[in-house]
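Quick look at run17.txt (compact mmCIF, C-alpha atoms and all ligand atoms):
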```txt
# COMPACT_ATOMS: atom_id res chain seq x y z
CA MET W 1 -33.47 35.28 167.90
CA THR W 2 -33.65 34.45 164.25
CA GLU W 3 -32.29 36.76 161.66
CA ARG W 4 -32.37 35.29 158.20
CA SER W 5 -31.00 37.06 155.19
CA GLU W 6 -33.76 36.27 152.71
CA GLY W 7 -36.38 38.45 154.41
CA THR W 8 -36.62 37.92 158.08
CA ILE W 9 -38.64 37.08 161.09
CA LYS W 10 -36.94 39.40 163.48
CA SER W 11 -38.04 37.94 166.72
CA SER W 12 -36.11 36.48 169.58
CA THR W 13 -37.57 34.22 172.13
CA LEU W 14 -37.09 31.72 174.89
CA GLY W 15 -37.31 28.01 174.22
CA ARG W 16 -40.54 26.39 175.33
CA GLU W 17 -39.26 24.56 178.35
CA ASN W 18 -41.41 26.79 180.53
CA ALA W 19 -44.36 27.06 178.21
CA GLU W 20 -46.61 24.48 179.82
CA GLY W 21 -46.66 25.76 183.36
CA GLY W 22 -46.34 29.44 182.46
CA LEU W 23 -43.69 31.60 184.02
CA THR W 24 -43.55 32.94 187.51
CA ALA W 25 -42.63 36.48 188.41
CA GLN W 26 -39.34 35.19 189.81
CA GLN W 27 -38.29 34.24 186.30
CA ALA W 28 -38.71 37.76 185.01
CA PRO W 29 -35.21 39.17 184.77
CA GLY W 30 -34.13 42.57 186.00
CA VAL W 31 -32.15 44.67 183.54
CA ARG W 32 -29.62 47.30 184.53
CA ILE W 33 -28.45 49.69 181.85
CA SER W 34 -25.53 51.83 183.10
CA GLY W 35 -23.76 54.71 181.46
CA LEU W 36 -24.75 53.52 178.00
CA THR W 37 -23.49 55.53 175.05
CA VAL W 38 -24.24 54.42 171.48
CA THR W 39 -22.85 56.25 168.45
CA TYR W 40 -23.49 56.27 164.70
CA ASN W 41 -20.33 57.36 162.88
CA ASP W 42 -19.02 58.58 166.25
CA LEU W 43 -22.02 60.87 166.86
CA PRO W 44 -23.89 59.84 170.02
CA ALA W 45 -27.53 58.78 169.49
CA VAL W 46 -27.77 57.54 173.11
CA ARG W 47 -25.62 59.32 175.65
CA ASP W 48 -24.73 58.18 179.15
CA VAL W 49 -28.10 56.53 179.78
CA SER W 50 -28.76 54.61 182.99
CA LEU W 51 -32.05 52.81 183.47
CA THR W 52 -33.18 49.84 185.54
CA LEU W 53 -36.02 47.57 184.45
CA GLU W 54 -37.34 45.98 187.62
CA PRO W 55 -38.19 42.27 187.35
CA GLY W 56 -41.86 41.87 186.47
CA SER W 57 -42.37 45.55 185.58
CA ILE W 58 -43.57 47.24 182.41
CA THR W 59 -41.37 50.20 181.58
CA GLY W 60 -42.30 52.68 178.88
CA ILE W 61 -39.78 54.75 176.96
CA VAL W 62 -41.23 57.82 175.33
CA GLY W 63 -39.81 60.67 173.28
CA GLU W 64 -40.07 62.33 169.89
CA SER W 65 -38.80 60.76 166.71
CA GLY W 66 -35.00 60.54 166.64
CA SER W 67 -34.57 60.76 170.42
CA GLY W 68 -32.74 57.40 170.50
CA LYS W 69 -35.46 55.04 171.72
CA SER W 70 -34.91 52.28 169.16
CA THR W 71 -31.15 52.58 169.49
CA LEU W 72 -31.45 52.10 173.25
CA ALA W 73 -33.78 49.13 172.74
CA LEU W 74 -31.45 47.48 170.22
CA SER W 75 -28.63 47.80 172.75
CA LEU W 76 -30.55 45.46 175.05
CA LEU W 77 -29.90 42.74 172.48
CA ASN W 78 -26.46 44.09 171.56
CA ALA W 79 -28.01 44.36 168.11
CA VAL W 80 -26.98 47.86 167.08
CA GLN W 81 -25.75 47.57 163.49
CA PRO W 82 -22.78 49.41 161.94
CA PRO W 83 -22.18 52.30 161.57
CA GLY W 84 -23.76 52.12 165.04
CA LYS W 85 -21.55 51.11 167.96
CA ILE W 86 -21.96 50.72 171.72
CA ALA W 87 -19.20 53.10 172.73
CA ALA W 88 -19.54 52.87 176.52
CA GLY W 89 -21.59 51.38 179.31
CA SER W 90 -23.14 48.05 180.18
CA VAL W 91 -26.44 46.17 179.94
CA GLU W 92 -26.68 43.60 182.73
CA ILE W 93 -29.55 41.15 182.31
CA ASP W 94 -30.23 38.78 185.24
CA GLY W 95 -29.31 35.25 184.31
CA LEU W 96 -27.31 36.37 181.29
CA GLY W 97 -24.69 38.93 182.31
CA ASN W 98 -23.45 42.00 180.49
CA VAL W 99 -24.75 41.48 176.94
CA VAL W 100 -22.59 44.33 175.66
CA GLU W 101 -19.60 42.01 176.07
CA PHE W 102 -21.25 39.10 174.24
CA GLN W 103 -20.23 38.07 170.73
CA GLY W 104 -21.18 35.58 168.04
CA GLU W 105 -22.77 32.34 169.21
CA GLN W 106 -22.90 33.52 172.83
CA LEU W 107 -24.95 36.48 171.69
CA ARG W 108 -27.25 34.43 169.47
CA LYS W 109 -27.94 32.03 172.32
CA ALA W 110 -28.48 34.82 174.82
CA ARG W 111 -31.03 36.46 172.55
CA GLY W 112 -32.75 33.18 171.83
CA ALA W 113 -32.79 32.22 175.48
CA LYS W 114 -34.29 35.30 177.02
CA ILE W 115 -35.50 38.15 174.89
CA GLY W 116 -38.64 38.50 172.78
CA TYR W 117 -38.45 41.49 170.49
CA VAL W 118 -40.86 43.24 168.19
CA PHE W 119 -38.84 45.47 165.94
CA GLN W 120 -40.19 48.83 164.93
CA ALA W 121 -41.75 48.34 161.48
CA ALA W 122 -42.55 44.73 162.45
CA GLN W 123 -45.04 44.89 159.63
CA ASN W 124 -42.12 44.95 157.18
CA SER W 125 -39.97 42.30 158.78
CA LEU W 126 -41.82 39.18 157.67
CA ASN W 127 -40.47 37.04 154.86
CA PRO W 128 -42.63 37.89 151.83
CA LEU W 129 -42.09 34.46 150.28
CA LYS W 130 -43.36 32.29 153.15
CA THR W 131 -46.67 32.09 154.93
CA VAL W 132 -46.78 33.31 158.52
CA GLY W 133 -47.37 29.70 159.62
CA LYS W 134 -44.25 28.47 157.81
CA GLN W 135 -42.22 31.24 159.43
CA LEU W 136 -43.65 30.32 162.81
CA LEU W 137 -42.52 26.71 162.33
CA ASP W 138 -39.06 27.89 161.21
CA LEU W 139 -38.88 30.00 164.35
CA GLY W 140 -39.91 27.01 166.49
CA ARG W 141 -37.36 24.70 164.88
CA SER W 142 -34.56 27.23 165.24
CA HIS W 143 -35.31 27.19 168.98
CA SER W 144 -35.53 23.38 169.12
CA VAL W 145 -39.24 23.37 169.93
CA GLU W 146 -40.42 19.77 170.01
CA ASP W 147 -44.14 20.37 170.30
CA LEU W 148 -44.73 22.28 167.07
CA ARG W 149 -48.47 21.61 167.24
CA GLY W 150 -48.52 23.23 170.66
CA LEU W 151 -46.62 26.17 169.20
CA VAL W 152 -49.21 26.62 166.43
CA ARG W 153 -52.02 26.32 169.00
CA GLU W 154 -50.42 29.01 171.12
CA ALA W 155 -49.91 31.27 168.07
CA LYS W 156 -53.57 30.91 167.06
CA GLU W 157 -54.66 31.67 170.59
CA LEU W 158 -52.55 34.83 170.77
CA LEU W 159 -53.82 35.97 167.37
CA ALA W 160 -57.41 35.27 168.39
CA ARG W 161 -56.91 37.32 171.55
CA MET W 162 -55.78 40.17 169.34
CA GLY W 163 -58.96 39.91 167.28
CA LEU W 164 -57.60 37.94 164.32
CA ASP W 165 -58.58 34.64 162.74
CA GLY W 166 -55.46 32.67 163.67
CA ALA W 167 -55.84 29.91 161.09
CA ARG W 168 -56.36 32.40 158.29
CA VAL W 169 -53.40 34.56 159.35
CA LEU W 170 -51.06 31.57 159.59
CA ASP W 171 -52.06 30.61 156.04
CA SER W 172 -51.38 34.10 154.73
CA HIS W 173 -48.38 35.76 153.15
CA GLN W 174 -47.28 39.21 154.28
CA HIS W 175 -48.93 40.98 151.32
CA GLU W 176 -52.31 39.48 152.23
CA LEU W 177 -52.27 41.17 155.63
CA SER W 178 -52.90 44.81 156.51
CA GLY W 179 -50.25 46.85 158.35
CA GLY W 180 -52.15 46.47 161.60
CA MET W 181 -52.45 42.70 161.13
CA ARG W 182 -48.72 42.40 160.46
CA GLN W 183 -48.02 44.39 163.58
CA ARG W 184 -50.09 41.91 165.60
CA VAL W 185 -48.23 39.03 163.93
CA GLY W 186 -45.01 40.68 165.13
CA ILE W 187 -46.35 40.83 168.70
CA MET W 188 -47.44 37.18 168.47
CA LEU W 189 -43.97 36.12 167.30
CA ALA W 190 -42.34 37.96 170.19
CA LEU W 191 -44.65 36.34 172.75
CA VAL W 192 -45.22 32.86 171.34
CA LEU W 193 -42.08 31.21 172.68
CA ASN W 194 -42.43 32.61 176.18
CA ALA W 195 -39.46 34.93 176.46
CA HIS W 196 -38.89 36.33 179.95
CA LEU W 197 -37.93 39.77 178.71
CA VAL W 198 -40.08 41.32 176.00
CA VAL W 199 -39.17 44.47 174.10
CA LEU W 200 -41.92 46.08 172.01
CA ASP W 201 -40.75 48.91 169.78
CA GLU W 202 -43.76 50.95 168.63
CA PRO W 203 -46.06 47.93 168.92
CA THR W 204 -49.26 49.73 167.98
CA THR W 205 -48.28 52.56 165.62
CA ALA W 206 -50.20 51.22 162.61
CA LEU W 207 -53.38 50.53 164.57
CA ASP W 208 -56.55 52.54 165.05
CA MET W 209 -57.25 53.68 168.60
CA ILE W 210 -59.71 50.94 169.52
CA THR W 211 -57.51 48.11 168.22
CA GLN W 212 -54.56 49.80 169.91
CA ALA W 213 -56.36 49.84 173.26
CA ASN W 214 -57.27 46.19 172.81
CA ILE W 215 -53.69 45.18 171.98
CA LEU W 216 -52.32 47.09 174.96
CA LYS W 217 -54.78 45.31 177.21
CA ILE W 218 -53.54 41.98 175.87
CA VAL W 219 -49.91 42.99 176.29
CA ARG W 220 -50.71 43.80 179.93
CA GLU W 221 -52.59 40.54 180.45
CA VAL W 222 -49.87 38.37 178.90
CA HIS W 223 -47.25 40.30 180.87
CA ALA W 224 -49.10 39.56 184.13
CA GLU W 225 -49.98 35.94 183.28
CA ARG W 226 -46.42 35.03 182.39
CA GLY W 227 -44.60 37.24 184.85
CA LEU W 228 -42.54 39.06 182.22
CA THR W 229 -40.28 42.05 182.31
CA THR W 230 -41.52 44.26 179.50
CA LEU W 231 -40.17 47.35 177.76
CA VAL W 232 -42.57 49.32 175.56
CA ILE W 233 -41.20 52.01 173.29
CA THR W 234 -43.41 54.64 171.73
CA HIS W 235 -43.54 58.27 170.68
CA ASP W 236 -47.12 58.32 172.00
CA ILE W 237 -47.24 59.13 175.70
CA GLY W 238 -50.90 57.99 175.73
CA VAL W 239 -49.75 54.44 174.92
CA VAL W 240 -47.36 54.24 177.87
CA ALA W 241 -49.93 55.83 180.15
CA GLU W 242 -52.17 52.86 179.35
CA VAL W 243 -49.65 50.16 179.92
CA ALA W 244 -46.47 51.09 181.81
CA ASP W 245 -45.68 51.02 185.54
CA ARG W 246 -42.64 53.18 185.03
CA LEU W 247 -41.90 55.82 182.46
CA ALA W 248 -38.59 56.99 181.01
CA VAL W 249 -38.52 60.11 178.85
CA MET W 250 -35.81 60.51 176.19
CA TYR W 251 -34.68 63.63 174.43
CA GLY W 252 -31.68 64.04 172.14
CA GLY W 253 -30.18 60.73 173.27
CA ARG W 254 -30.49 61.54 176.98
CA LEU W 255 -32.89 60.17 179.54
CA VAL W 256 -34.28 63.40 180.96
CA GLU W 257 -36.82 62.01 183.43
CA GLN W 258 -37.85 58.64 184.80
CA GLY W 259 -40.19 57.52 187.54
CA PRO W 260 -43.51 55.83 188.30
CA THR W 261 -45.88 56.52 185.37
CA ARG W 262 -48.62 57.90 187.57
CA ASP W 263 -46.30 60.43 189.25
CA VAL W 264 -44.61 61.48 186.01
CA LEU W 265 -47.92 62.07 184.25
CA ALA W 266 -49.64 63.75 187.18
CA LYS W 267 -46.73 66.04 188.03
CA PRO W 268 -43.99 66.04 185.40
CA SER W 269 -40.66 67.37 186.67
CA HIS W 270 -38.72 67.95 183.46
CA PRO W 271 -39.93 70.77 181.19
CA TYR W 272 -39.74 68.39 178.21
CA THR W 273 -42.08 65.90 179.92
CA THR W 274 -44.46 68.78 180.65
CA GLY W 275 -44.38 69.73 176.96
CA LEU W 276 -45.05 66.16 175.83
CA ILE W 277 -48.03 65.84 178.16
CA ARG W 278 -49.47 69.20 177.05
CA ALA W 279 -49.22 68.06 173.45
CA ILE W 280 -51.49 65.04 173.98
CA PRO W 281 -54.71 65.67 172.08
CA ARG W 282 -57.69 65.05 174.32
CA LEU W 283 -60.80 63.22 173.20
CA VAL W 284 -62.92 65.23 175.56
CA GLY W 285 -62.57 68.94 176.18
CA ASP W 286 -61.18 71.92 174.37
CA LEU W 287 -59.02 70.95 171.40
CA ASP W 288 -56.94 74.10 171.90
CA GLU W 289 -55.73 72.65 175.17
CA ALA W 290 -53.41 70.35 173.22
CA ARG W 291 -50.41 72.46 172.37
CA ALA W 292 -47.60 71.18 170.22
CA LEU W 293 -44.16 71.68 171.71
CA PRO W 294 -42.56 74.56 169.80
CA GLY W 295 -39.37 73.89 167.83
CA ARG W 296 -37.86 70.64 166.65
CA PRO W 297 -35.75 67.97 168.33
CA PRO W 298 -32.04 67.97 167.43
CA THR W 299 -30.49 65.58 164.92
CA LEU W 300 -27.24 63.73 165.58
CA ALA W 301 -25.41 66.53 163.80
CA THR W 302 -27.12 69.38 165.67
CA VAL W 303 -27.32 67.95 169.19
CA PRO W 304 -25.33 70.34 171.43
CA LYS W 305 -21.90 69.05 172.43
CA GLN W 306 -22.11 70.77 175.77
CA GLY W 307 -24.90 71.93 178.03
CA CYS W 308 -28.46 70.68 178.22
CA VAL W 309 -29.79 69.01 175.04
CA PHE W 310 -33.25 70.50 175.58
CA ARG W 311 -32.28 74.12 176.25
CA GLU W 312 -33.20 75.48 172.78
CA ARG W 313 -36.85 74.62 173.40
CA CYS W 314 -36.95 75.16 177.13
CA ALA W 315 -38.98 77.88 178.85
CA LEU W 316 -36.89 77.49 182.04
CA ARG W 317 -33.49 77.97 180.38
CA MET W 318 -30.79 79.51 182.61
CA ASP W 319 -27.16 80.46 181.83
CA VAL W 320 -25.81 77.25 183.28
CA CYS W 321 -27.88 75.22 180.78
CA ASP W 322 -25.69 76.48 177.91
CA THR W 323 -22.48 75.12 179.34
CA VAL W 324 -23.15 72.31 181.80
CA ASP W 325 -24.93 69.08 180.95
CA PRO W 326 -27.35 68.44 183.86
CA GLU W 327 -26.74 65.19 185.69
CA ALA W 328 -29.60 62.78 186.31
CA VAL W 329 -30.41 63.28 190.00
CA ALA W 330 -33.02 61.66 192.26
CA HIS W 331 -35.92 63.96 193.16
CA GLY W 332 -38.53 62.15 195.23
CA SER W 333 -39.84 59.28 193.15
CA ARG W 334 -38.07 60.47 189.95
CA ILE W 335 -34.66 60.77 188.46
CA VAL W 336 -34.45 64.05 186.56
CA ALA W 337 -31.71 65.72 184.52
CA CYS W 338 -32.54 69.42 184.70
CA HIS W 339 -30.75 72.42 186.24
CA ALA W 340 -34.05 74.22 186.83
CA VAL W 341 -35.44 71.30 188.83
CA ASP W 342 -32.19 71.11 190.81
CA TRP W 343 -32.32 74.82 191.43
CA ALA W 344 -35.94 74.71 192.57
CA ALA W 345 -35.13 71.84 194.92
CA THR W 346 -32.16 73.72 196.37
CA MET W 347 -34.31 76.82 196.91
CA LYS W 348 -36.90 74.72 198.69
CA GLU W 349 -34.28 73.17 200.94
CA HIS W 350 -33.05 76.61 202.01
CA ALA W 351 -36.49 78.21 202.34
N1 LIG W 401 -28.21 53.34 161.02
C1 LIG W 401 -28.11 54.61 161.35
N2 LIG W 401 -27.15 55.39 160.83
C2 LIG W 401 -27.02 56.70 161.17
N3 LIG W 401 -27.83 57.33 162.06
C3 LIG W 401 -28.81 56.60 162.61
C4 LIG W 401 -29.01 55.22 162.29
N4 LIG W 401 -30.07 54.75 163.00
C5 LIG W 401 -30.51 55.80 163.73
N5 LIG W 401 -29.74 56.91 163.50
C6 LIG W 401 -29.92 58.23 164.12
O1 LIG W 401 -29.85 58.07 165.54
C7 LIG W 401 -30.81 58.91 166.18
C8 LIG W 401 -31.70 58.04 167.05
O2 LIG W 401 -32.46 57.17 166.21
P1 LIG W 401 -33.52 56.14 166.78
O3 LIG W 401 -34.03 55.36 165.62
O4 LIG W 401 -32.91 55.39 167.90
O5 LIG W 401 -34.63 57.11 167.33
P2 LIG W 401 -36.12 56.79 167.79
O6 LIG W 401 -36.32 57.55 169.06
O7 LIG W 401 -36.34 55.33 167.81
O8 LIG W 401 -36.99 57.48 166.63
P3 LIG W 401 -38.40 57.03 166.03
O9 LIG W 401 -39.45 57.52 167.01
O10 LIG W 401 -38.48 57.79 164.74
O11 LIG W 401 -38.40 55.57 165.85
C9 LIG W 401 -31.55 59.65 165.07
O12 LIG W 401 -30.96 60.93 164.94
C10 LIG W 401 -31.30 58.81 163.85
O13 LIG W 401 -31.31 59.61 162.67
MG MG W 402 -37.63 54.09 166.85
```
Go through the file and emit its structure as structure tokens.
Amino acid sequence: MTERSEGTIKSSTLGRENAEGGLTAQQAPGVRISGLTVTYNDLPAVRDVSLTLEPGSITGIVGESGSGKSTLALSLLNAVQPPGKIAAGSVEIDGLGNVVEFQGEQLRKARGAKIGYVFQAAQNSLNPLKTVGKQLLDLGRSHSVEDLRGLVREAKELLARMGLDGARVLDSHQHELSGGMRQRVGIMLALVLNAHLVVLDEPTTALDMITQANILKIVREVHAERGLTTLVITHDIGVVAEVADRLAVMYGGRLVEQGPTRDVLAKPSHPYTTGLIRAIPRLVGDLDEARALPGRPPTLATVPKQGCVFRERCALRMDVCDTVDPEAVAHGSRIVACHAVDWAATMKEHA
């Protein structure tokens, strides 16, 4: 990972030792996040989150703005900045260890060795004073890449796949590129050095729907070709539906539901997931079918200290929801944190 003070390429990547032959699925690391709590000024933005990224899978994290998605993603690199702090839990990455315990040089190396990251607002994270090509070479040198020509070739190829003129983009400064072009540059920088674990935070927010669909297709292709483990974060459930094998739904810093994407979308268990799916505008059909979820998500200051974080907006609210935080429990193919789902399951068992 390179983080330079004078305007930054915020991208972290693996050295190119595996670039020639491509990567095999075995090299994709598994990631186990357990009991992770992250606070800003002692207020939890991510609370007691456990999530496993299976080697070679694409996992999508979805939730409204402020639900803690970026904070969770930054924890994977132990890159939460003050006043943020990882207050509890662990992030075990195969081949690396628990990155939460890493510091200084160990952390820098770990990031550089394994994780490719597109930061949210990637379009603003380029150095305005240098061309994209110059920043690419800086990135290569900081990871001891010997074959810089090969690196440039790879960058052009990735840009071309995303519908851009690679040579022109590499010759451009940030201000000469549109938001969507910068976003694709961010994706290129995260992929170009062949990281095994790739984290994409809102990779397609600035893009129109057709370009977005094209980029997601490329993300999927590169993921499969290189045998990556990929995490895609988005507030747009349509994006994860396109790309992810597994889906994790966040609300108020909690993971409320996770499971195979197909199952979660076809038959959501948590009332919040149901609300998110209902709110998807459809291209075909009655526009009135898309219904926005009533109410607003909580802020760090208003998130309830006890009981279910979603209860204020929940149609299935019961007394217990006001006092007891529901635990994440396995229900069939999902893990769900909801008293109503637990209750329904219990009723079914005794029927
Ligand atoms: N540096 C910070 N200082 C204080 N609070 C912060 C900071 N960064 C994030 N937060 C708060 O933490 C909560 C989670 O933020 P986060 O950026 O992780 O959410 P998100 O799900 O990524 O949202 P978005 O969809 O808008 O990107 C929010 O309430 C946010 O206001
Ligand atoms: Mg975010």
Q: Return as a VMD selection string the residues of protein, DNA or RNA that approach ligand MG 402 (chain W) to within 8 Å, with all atoms listed in the file taken into account.
A: chain W and resid 65 to 66 68 to 71 120 201 to 202 233 to 234
(Q) Can you pull out the residues contacting range 210-224 of chain W? Cut-off 10 Å, using only C-alpha atoms, and skip same-chain residues under 3 positions away; I want them as number ranges by chain. (A) W: 23-25, 28, 56-58, 158, 161-163, 180, 184, 187, 191, 194, 196-198, 200, 203-207, 227-230, 232, 239-240, 242-244
Q. Mind listing the residues within 9 Å of ligand LIG 401 (chain W), all atoms listed in the file counted, as a PyMOL selection string?
A. chain W and resi 38-41+43-46+62-74+80-84+120+201-202+233-235+250-253+298-301+303
Q: For Thr59 in chain W, work out the shell of residues within 6 Å, counting only C-alpha atoms and skipping chain neighbours fewer than 3 positions away, then give it as a list in words.
A: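 Within the cut-off, the hits are Leu231, Ala244, Asp245, Arg246 and Leu247 of chain W.
When CA of Ala87 in chain W is paired with CA of Ala337 in chain W, their separation reads 21.3 Å.
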Q. From the set W:Ser333, W:Ser178, W:Ser34, W:Ser50, which residue has the shortest atom-to-atom contact distance to Asn98 in chain W, counting all atoms listed in the file?
A. W:Ser34
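The space separating CA of Gln135 in chain W from CA of Lys114 in chain W comes to 19.7 Å.
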Q) Distance CA of Gly140 in chain W-CA of Pro55 in chain W, one decimal place? A)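 Between CA of Gly140 in chain W and CA of Pro55 in chain W the gap is 25.9 Å.
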Q: Identify which of the residues W:Ile280, W:Leu51, W:Leu164, W:Leu96 lies closest to Val256 in chain W, counting only C-alpha atoms when measuring atom-to-atom distances.
A: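 Nearest to Val256 in chain W: W:Leu51.
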